[in-house]
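Contents: one structure, followed by commentary.
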Amino acid sequence: MLPVFEQNAGFIWAIYAIGAVVPIGLFVYALIRARIAKRRLDRLQAEREQS
Amino acid sequence: MIRAFANPHRFMALSRWLAPACLCIGALLMVWSVWQGLWVVPQDDYQGGDIMRAMFVHVPSAWLAMASYMGLAATSLIWFIWRHELADMAAKSIAPLGAAYTAMCLATGSIWGKPTWGTWWLWDDARMMSVLVMFFLFLGYMALRAAMETRQKAARAGAILAMVGAVNVPLIKFSVDIWSSIHQDASVLRLDGPAMPPVYLTPLLIGGLAHMIFFAGLTMMLMRAEVWGRRGDVLIARKLSGS
Amino acid sequence: MRSPSPLRAAFRQALGEAWAGGAGVLLPIGFFAGAAMLVPFTVGSEASQLSSIGTGILWVALALASLVSMERVFQADLEDGVLELWAQEETPLFLVAAAKIIAHWLVSGLPLVLLTPPIGIALQVDAGALVPAMLAYGLGGLAFFLWGGVAGALAASVARGGLLISLLALPLFVPTAIFGALATIEGPGGPSLLFLSATTLFALSIAPFAASAALRLAVD
């Protein structure tokens, strides 16, 4: 299935690996940041309603 | 558009569906351009054979590196003039994303350089040097924001630095261009030839668009996190003041 | 009590600080000479090798030495409250910032320029070229101090901001360093000296405003 390159295959795969890792990594980072902020806000709001 | 973004409530309502939509569309287009780049596009002997497939990752990352610094400068300017809090949140969110894309541009460019230029790093290349300087500008921006005591001060200091950096970027580009034109040897591969056949150009442009849309989605996600964080801070402040 | 014109005060104070506590002037000089002295040990002492990189080493040493005492330039004023007075004066704050930076350059930048010929000779640079090169080092050093001043003003309220200042300022040094290095190689007749002057003028026209905006931030 994977394409076969005549030369420099390692370089090409390395570049595409970076091209995949960076966007995915940034997505995970943004997701974690958003989750943490949202959870903290929900917790604080719940505390406020209780009191 | 700016009006809609200036109001945090409207921004939250808008970005609630716009952020995931951008991420999905961006990811789909990105997958398409990678598929084109790896499987469909024929190899080009003039550009060094198969290695030119790196273009579909490297060139979009270079565009994004430039665009993200311009975005950082623009949002900083908007914040500095009109004090829209969302503009500052956007600037704060763009910085780490832009730094990551700048690093990605440097890394992929370096890996591409090894088989084509025979070296991992070419100091003579003006574009590489400009991007490297931009990477340090991003790092400085984040370090400065992190060092400030209050959010307001971080926003102001960051905006000043981003604008000073932005007026310097053309000068840096110009100086590095002159410098490299003195040093450069003629064998350097030129990508910006005018006649790129559409079989390469279309996936490249779609890839650039994909990363741009994806980047916008990420920025909105981080901005949403920032809005939630600030709302949480307000609640804590109210609790501490006992109201 | 009415304070004297803040411009003159800032200038005189910067000159005074240089000789007060901790030998302020000697610090950059020592750093400059020390950094340049280390080079022959790291790259080898062959005269031909040294002479080809000597002027460039002086540029690097100058860029780094210009940041050595930048941390205290505005921080000291912030701590003793002078900055707050200046911010309320009628004299525009950007003029005060410019006066302060230029005075700082006079006491800690100019001595470095005067030192370039002896250190350059020690680095095997052609002695005849070194005296005209002082003009380039002077112009370049002024640009370094101006951008460093912006970074110093931004980091004025940050405790131990020395490394932060370096990170903020060094990318802005690139154009000046490029044209400066070319100008010292070309000699005074070449076009690079004009480009170098242009980068210094550019810094002179932007840095005072950026520094004053940063100082207002530090005061608030």
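Residues in the structure tokens are named by chain (A, B, ... in the order shown) and by number from 1 within that chain; ligands are numbered from 1 in the order shown.
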
Please identify which residues in chain C DSSP calls helix (DSSP H, G or I) from the backbone, and express them as a ChimeraX atom specification.
/C:6-19,26-43,47-65,70-79,82-88,93-122,127-154,162-186,192-219

Please identify every residue of chain B that has at least one atom no more than 6 Å from any atom of chain A, counting only C-alpha atoms, and report them as an MDAnalysis selection string.
chainID B and resid 54 57 108 222 225 228:229 232

Restrict the calculation to only C-alpha atoms, then for each residue of chain C with any atom at most 7 Å from an atom of chain B give the closest atom pair and their distance in Å to one decimal, rows by chain and rising residue number, as a Markdown table.
```
| residue | atom | partner | partner_atom | distance |
| --- | --- | --- | --- | --- |
| C:Leu154 | CA | B:Ala157 | CA | 6.2 |
| C:Val158 | CA | B:Ala147 | CA | 6.4 |
| C:Leu164 | CA | B:Leu144 | CA | 7.0 |
| C:Leu167 | CA | B:Gly140 | CA | 5.6 |
| C:Leu168 | CA | B:Gly140 | CA | 5.0 |
| C:Pro171 | CA | B:Val133 | CA | 5.7 |
| C:Leu172 | CA | B:Asn168 | CA | 6.8 |
| C:Val174 | CA | B:Ile172 | CA | 6.4 |
| C:Pro175 | CA | B:Ile172 | CA | 5.3 |
| C:Ile178 | CA | B:Ser175 | CA | 6.7 |
| C:Ala210 | CA | B:Ile160 | CA | 6.6 |
| C:Ala214 | CA | B:Ala157 | CA | 6.5 |
| C:Leu217 | CA | B:Lys153 | CA | 6.6 |
```

Separating atom CA of Leu240 of chain B from atom CA of Val227 of chain B, to the nearest tenth of an Å, is a gap of 20.0 Å

I want to know what sits within 9 Å of Leu86 of chain B, based on only C-alpha atoms, with residues of the same chain fewer than 4 positions away left out; could you give that as a list in words?
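Those residues are Phe5, Ala6, Asn7, Pro8, Phe11, Thr75, Trp79, Ala90, Ala91, Met223 and Val227 of chain B.
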
Spatial neighbours of Leu38 of chain B, max dist 7 Å, only C-alpha atoms, sep filter under 3 positions, as number ranges by chain
A: 3; B: 34-35, 41, 53

Could you please determine the separation between atom CA of Ile102 of chain C and atom CA of Leu215 of chain C in Å, to one decimal place?
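Computing the Euclidean distance for atom CA of Ile102 of chain C and atom CA of Leu215 of chain C yields 16.0 Å.
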
Can you tell me, as a ChimeraX atom specification, what residues are no more than 10 Å from Ala9 of chain C when counting only C-alpha atoms, ignoring any on the same chain fewer than 2 positions away?
/C:3-7,11-15,82,86,96,99-100

To one decimal place in Å, what is the distance between atom CA of Leu26 of chain C and atom CA of Asp77 of chain C?
20.6 Å

Long-range neighbours of Val60 of chain C as JSON, numbers by chain, 12 Å cut-off, only C-alpha atoms, 5 positions minimum in chain
{"C": [31, 32, 33, 35, 36, 39, 53, 54, 55, 65, 66, 67, 116, 137, 140, 141, 144, 170, 173, 174, 176, 177, 178, 180, 181]}
